[in-house]
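J.: I am attaching a structure below and will ask some questions about it afterwards.
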Amino acid sequence: MKNSLFGSLMPKEPKFFPLFKEIADLILESSNLIIDCLKKGDRESEIEYGKKIKELEKKGDKLNSIIFEELNTTFITPFDREDIHHLANRLDDVIDRINSCIKKIVLYNPAKIPPTAVALAEYVKKDAETLINVVGELDVLKKNSKRIKEQSLLLHQIENDADDVYEHFLIDLFENEKDAIEIIKLKEIISELETATDAADQVGKIIQTIIVKYA
Amino acid sequence: MKNSLFGSLMPKEPKFFPLFKEIADLILESSNLIIDCLKKGDRESEIEYGKKIKELEKKGDKLNSIIFEELNTTFITPFDREDIHHLANRLDDVIDRINSCIKKIVLYNPAKIPPTAVALAEYVKKDAETLINVVGELDVLKKNSKRIKEQSLLLHQIENDADDVYEHFLIDLFENEKDAIEIIKLKEIISELETATDAADQVGKIIQTIIVKYA
Amino acid sequence: MKNSLFGSLMPKEPKFFPLFKEIADLILESSNLIIDCLKKGDRESEIEYGKKIKELEKKGDKLNSIIFEELNTTFITPFDREDIHHLANRLDDVIDRINSCIKKIVLYNPAKIPPTAVALAEYVKKDAETLINVVGELDVLKKNSKRIKEQSLLLHQIENDADDVYEHFLIDLFENEKDAIEIIKLKEIISELETATDAADQVGKIIQTIIVKYA
């Protein structure tokens, strides 16, 4: 149909989907980096990986600006402009949380980081993989609505599981750490990863709203 | 009119309102349980009531899923699909906060819980009663818009009052509790109840937006 | 064109813009007051300025109610009712944060307030000035869309800069304050100003959404 008159008249708006995909890829890359960094656990790696993740966070910001510009110059959008805008913002939030986590590790320099941090970062990675899948299905929303719903529910499940891990990290912290300042530092640092899974869950909820409106 | 042709052609969508009502009933039930539990104050009750409230939280999640499914299979909705979706989500948040509060009591096991906790839980109960009233009026939005607005403002007032009680709890805590770890624990626990009144206020704000659009 | 038939038939809805402007003016006034108060730094000023800022916060609430009433009685609105509603709510949040900051200073009575507080309050003032500019351009959205976008980005930049200052305040606090309770108090107090810049950034994001829809 590529060369037919009809084809050339068809409203085509494929550009948003690859951009969403690029942000989701950045989330995966950031979560892989923070997992590596937490496993190494030395100060030098923290500083080095901190810089790398900051670069990815800047790329995420740039992709968001591009989406915003596209929205302003595109006549026909695949779904409501504001939904595209929110979706891009919430996806970007996930990278922001990963970046805040490593930044706080570098800045607060806690005595030691508990293994829960790796466990939570693994959940963020699982989010990233799910997000890559789900944004890859958005272009044929109606056809894929069942699978998209399942993946949105998976994002919610991951958030619940991460929340449990975070709660148990806190119990352990309250029981075993006697230095209140260390407690405050670690709570600040580890909660960023839990909030990253919240942000991914928010993406799932926005996608559910889009399904409710269009599928 | 039940058997008339006209009646059968009328778009009828009464199913969302009873579902909202059911969630609001769950909020009332949860708030009654947490008040009882806080009054008893022993560890055994905390564990027992914790389980009961968890059950209600699961029921809330199920009602949310049903609403989501209804939205996807219903052609005509009483107001915007996304508003129904948000309303159900925010109502469910109130139960989630009550559940988080009791869960944190069980998990962190603080030395003692201050009487403010009961005072705040009573505000959540007042929210529950107001929410039951307000969702009961939504089916005749235009006719009841004045009363709905008043109740939305009442939810805002409750949130303000609860906020004051929470602030004074914190002052008292900072003055009288010398163990910083206990301060962190109690702040985490009690703030959940304050956040529950925030969530109820959010429901009020969504309802105000619906009035702005439809009434 | 004032007396022409065409002019009299034109839908005119200028009332929302002056109301937004009034709220933005209140933000500027509140930020000036809190800067003065923090510079004085004595307990008496804190109580006195606390009362003054509370008055402004009440005025903000009243303006919000007026906007809500206008929305309910106005047939034609310059853009979506819900966007006007959100915009007013988020603008009001900025004043609420300033008020919470001074309220917590009065209530928690920390040993001393770090100079960072003034630095952050200056960012809130910069927000206020930017908000006054940006709400002043909304009435001719299409014509001013480039400048409005720039100012939205400036709100985002201010939020980023304030976030950095806040992070460095926390590092300093963790390094130099040995009393965990003082750390908790100051974190609560100073984070309100950082959250104020978040709220201003949210206003920028809502305005970007409005541009995406209308410009």
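Letters A, B, ... mark the chains of the structure tokens in the order given; residue numbers begin at 1 per chain; ligand numbers begin at 1, in order shown.
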Set the distance at 8 Å and use only C-alpha atoms: which residues neighbour region 29-46 of chain C once local chain neighbours fewer than 5 positions away are removed? I'd like the list as a PyMOL selection string.

T.: chain C and resi 53+56+95+98+102+105-106+113+117-118+121-122+124-125+128

J.: Create the file for the chosen residues now, containing N, CA, C and O atoms and written as a short mmCIF file (atom, residue, chain, number, x, y, z; two decimals), in the first residue's frame.

T.:
```
data_model
loop_
_atom_site.label_atom_id
_atom_site.label_comp_id
_atom_site.auth_asym_id
_atom_site.auth_seq_id
_atom_site.Cartn_x
_atom_site.Cartn_y
_atom_site.Cartn_z
N ILE C 53 1.85 35.23 56.94
CA ILE C 53 1.84 34.28 55.82
C ILE C 53 0.56 33.44 55.87
O ILE C 53 -0.04 33.15 54.83
N LEU C 56 -2.09 35.25 54.07
CA LEU C 56 -1.97 35.14 52.61
C LEU C 56 -2.46 33.78 52.13
O LEU C 56 -3.09 33.65 51.09
N ILE C 95 1.85 28.45 47.71
CA ILE C 95 1.64 29.20 48.96
C ILE C 95 1.51 28.24 50.14
O ILE C 95 2.04 28.50 51.22
N ILE C 98 4.93 27.27 51.37
CA ILE C 98 5.59 28.36 52.11
C ILE C 98 4.99 28.46 53.51
O ILE C 98 5.71 28.58 54.50
N ILE C 102 6.98 27.88 57.31
CA ILE C 102 7.03 28.80 58.46
C ILE C 102 6.31 28.20 59.67
O ILE C 102 6.75 28.34 60.81
N ILE C 105 8.58 25.80 61.32
CA ILE C 105 9.63 26.52 62.06
C ILE C 105 9.08 26.91 63.44
O ILE C 105 9.72 26.69 64.46
N VAL C 106 7.88 27.51 63.44
CA VAL C 106 7.28 27.95 64.70
C VAL C 106 7.02 26.75 65.62
O VAL C 106 7.33 26.79 66.81
N ILE C 113 18.48 27.62 62.21
CA ILE C 113 18.11 27.36 60.82
C ILE C 113 19.29 27.69 59.92
O ILE C 113 19.84 28.79 60.00
N ALA C 117 18.25 27.82 53.96
CA ALA C 117 16.82 28.14 53.94
C ALA C 117 16.58 29.42 53.14
O ALA C 117 15.67 29.47 52.30
N VAL C 118 17.42 30.45 53.38
CA VAL C 118 17.26 31.70 52.61
C VAL C 118 17.50 31.44 51.12
O VAL C 118 16.73 31.89 50.27
N ALA C 121 14.48 29.86 49.69
CA ALA C 121 13.37 30.81 49.62
C ALA C 121 13.56 31.79 48.46
O ALA C 121 12.59 32.23 47.84
N GLU C 122 14.84 32.11 48.15
CA GLU C 122 15.10 32.98 47.00
C GLU C 122 14.68 32.28 45.70
O GLU C 122 14.20 32.93 44.76
N VAL C 124 12.20 30.19 45.49
CA VAL C 124 10.73 30.28 45.47
C VAL C 124 10.31 31.66 44.97
O VAL C 124 9.35 31.81 44.21
N LYS C 125 11.05 32.68 45.38
CA LYS C 125 10.76 34.03 44.90
C LYS C 125 10.94 34.13 43.38
O LYS C 125 10.12 34.75 42.69
N ALA C 128 8.02 32.72 41.85
CA ALA C 128 6.88 33.64 41.93
C ALA C 128 6.94 34.64 40.78
O ALA C 128 5.94 34.89 40.08
#
```

J.: Show me which bits of chain C are within 7 Å of chain B, counting only C-alpha atoms, as a PDB file with all heavy atoms, in the first residue's frame.

T.:
```
ATOM      1  N   LEU C  71     -16.021  28.761  37.489  1.00  0.00           N
ATOM      2  CA  LEU C  71     -16.053  27.628  36.558  1.00  0.00           C
ATOM      3  C   LEU C  71     -17.449  27.032  36.472  1.00  0.00           C
ATOM      4  O   LEU C  71     -17.875  26.555  35.421  1.00  0.00           O
ATOM      5  CB  LEU C  71     -15.071  26.543  37.012  1.00  0.00           C
ATOM      6  CG  LEU C  71     -13.615  26.755  36.627  1.00  0.00           C
ATOM      7  CD1 LEU C  71     -12.744  25.706  37.291  1.00  0.00           C
ATOM      8  CD2 LEU C  71     -13.432  26.700  35.106  1.00  0.00           C
ATOM      9  N   ASN C  72     -18.155  27.068  37.594  1.00  0.00           N
ATOM     10  CA  ASN C  72     -19.490  26.466  37.636  1.00  0.00           C
ATOM     11  C   ASN C  72     -20.573  27.351  37.082  1.00  0.00           C
ATOM     12  O   ASN C  72     -21.683  26.902  36.844  1.00  0.00           O
ATOM     13  CB  ASN C  72     -19.838  26.081  39.074  1.00  0.00           C
ATOM     14  CG  ASN C  72     -19.137  24.802  39.468  1.00  0.00           C
ATOM     15  OD1 ASN C  72     -19.295  23.795  38.789  1.00  0.00           O
ATOM     16  ND2 ASN C  72     -18.365  24.855  40.528  1.00  0.00           N
ATOM     17  N   ARG C  81     -12.038  23.376  31.401  1.00  0.00           N
ATOM     18  CA  ARG C  81     -12.358  23.655  32.799  1.00  0.00           C
ATOM     19  C   ARG C  81     -11.398  22.949  33.749  1.00  0.00           C
ATOM     20  O   ARG C  81     -10.930  23.512  34.730  1.00  0.00           O
ATOM     21  CB  ARG C  81     -13.772  23.148  33.110  1.00  0.00           C
ATOM     22  CG  ARG C  81     -14.832  23.963  32.469  1.00  0.00           C
ATOM     23  CD  ARG C  81     -16.148  23.230  32.400  1.00  0.00           C
ATOM     24  NE  ARG C  81     -17.032  24.009  31.558  1.00  0.00           N
ATOM     25  CZ  ARG C  81     -17.639  25.126  31.972  1.00  0.00           C
ATOM     26  NH1 ARG C  81     -17.488  25.534  33.214  1.00  0.00           N
ATOM     27  NH2 ARG C  81     -18.383  25.823  31.153  1.00  0.00           N
ATOM     28  N   GLU C  82     -11.139  21.678  33.445  1.00  0.00           N
ATOM     29  CA  GLU C  82     -10.297  20.919  34.371  1.00  0.00           C
ATOM     30  C   GLU C  82      -8.870  21.471  34.406  1.00  0.00           C
ATOM     31  O   GLU C  82      -8.208  21.422  35.436  1.00  0.00           O
ATOM     32  CB  GLU C  82     -10.315  19.441  34.014  1.00  0.00           C
ATOM     33  CG  GLU C  82     -10.007  19.180  32.566  1.00  0.00           C
ATOM     34  CD  GLU C  82     -10.539  17.831  32.113  1.00  0.00           C
ATOM     35  OE1 GLU C  82     -10.134  16.808  32.671  1.00  0.00           O
ATOM     36  OE2 GLU C  82     -11.347  17.823  31.169  1.00  0.00           O
ATOM     37  N   LEU C 107       6.474  25.668  65.046  1.00  0.00           N
ATOM     38  CA  LEU C 107       6.067  24.536  65.879  1.00  0.00           C
ATOM     39  C   LEU C 107       7.250  23.709  66.393  1.00  0.00           C
ATOM     40  O   LEU C 107       7.306  23.360  67.562  1.00  0.00           O
ATOM     41  CB  LEU C 107       5.114  23.625  65.110  1.00  0.00           C
ATOM     42  CG  LEU C 107       3.751  24.210  64.718  1.00  0.00           C
ATOM     43  CD1 LEU C 107       2.949  23.181  63.925  1.00  0.00           C
ATOM     44  CD2 LEU C 107       2.951  24.648  65.943  1.00  0.00           C
ATOM     45  N   TYR C 108       8.199  23.393  65.521  1.00  0.00           N
ATOM     46  CA  TYR C 108       9.285  22.497  65.938  1.00  0.00           C
ATOM     47  C   TYR C 108      10.400  23.246  66.663  1.00  0.00           C
ATOM     48  O   TYR C 108      11.179  22.655  67.392  1.00  0.00           O
ATOM     49  CB  TYR C 108       9.890  21.749  64.745  1.00  0.00           C
ATOM     50  CG  TYR C 108       8.918  20.977  63.898  1.00  0.00           C
ATOM     51  CD1 TYR C 108       9.303  20.487  62.642  1.00  0.00           C
ATOM     52  CD2 TYR C 108       7.616  20.697  64.316  1.00  0.00           C
ATOM     53  CE1 TYR C 108       8.429  19.770  61.845  1.00  0.00           C
ATOM     54  CE2 TYR C 108       6.734  19.988  63.515  1.00  0.00           C
ATOM     55  CZ  TYR C 108       7.140  19.537  62.280  1.00  0.00           C
ATOM     56  OH  TYR C 108       6.274  18.843  61.485  1.00  0.00           O
ATOM     57  N   ALA C 180      20.277  13.553  65.864  1.00  0.00           N
ATOM     58  CA  ALA C 180      19.372  13.010  64.841  1.00  0.00           C
ATOM     59  C   ALA C 180      18.012  13.707  64.847  1.00  0.00           C
ATOM     60  O   ALA C 180      17.386  13.884  63.795  1.00  0.00           O
ATOM     61  CB  ALA C 180      19.194  11.514  65.034  1.00  0.00           C
ATOM     62  N   ILE C 181      17.563  14.125  66.040  1.00  0.00           N
ATOM     63  CA  ILE C 181      16.247  14.791  66.118  1.00  0.00           C
ATOM     64  C   ILE C 181      16.289  16.143  65.407  1.00  0.00           C
ATOM     65  O   ILE C 181      15.363  16.506  64.680  1.00  0.00           O
ATOM     66  CB  ILE C 181      15.779  14.910  67.591  1.00  0.00           C
ATOM     67  CG1 ILE C 181      15.605  13.486  68.158  1.00  0.00           C
ATOM     68  CG2 ILE C 181      14.470  15.694  67.693  1.00  0.00           C
ATOM     69  CD1 ILE C 181      15.190  13.422  69.614  1.00  0.00           C
TER      70      ILE C 181
END
```

J.: I'd like the neighbourhood of Asp61 (chain C) as a list in words, where a residue qualifies if any of its atoms comes within 8 Å (using only C-alpha atoms), though same-chain residues fewer than 4 positions away should be ignored.

T.: Glu57, Ser65 and Asp92 of chain C

J.: Restricted to C-alpha atoms, what would the selected residues look like written as an mmCIF file, in the first residue's frame?

T.:
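File produced: part-v7.cif:
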```cif
data_model
loop_
_atom_site.group_PDB
_atom_site.id
_atom_site.type_symbol
_atom_site.label_atom_id
_atom_site.label_comp_id
_atom_site.auth_asym_id
_atom_site.auth_seq_id
_atom_site.Cartn_x
_atom_site.Cartn_y
_atom_site.Cartn_z
ATOM 1 C CA GLU C 57 -2.592 31.402 52.564
ATOM 2 C CA SER C 65 -12.991 29.023 45.752
ATOM 3 C CA ASP C 92 -2.229 27.496 45.520
#
```
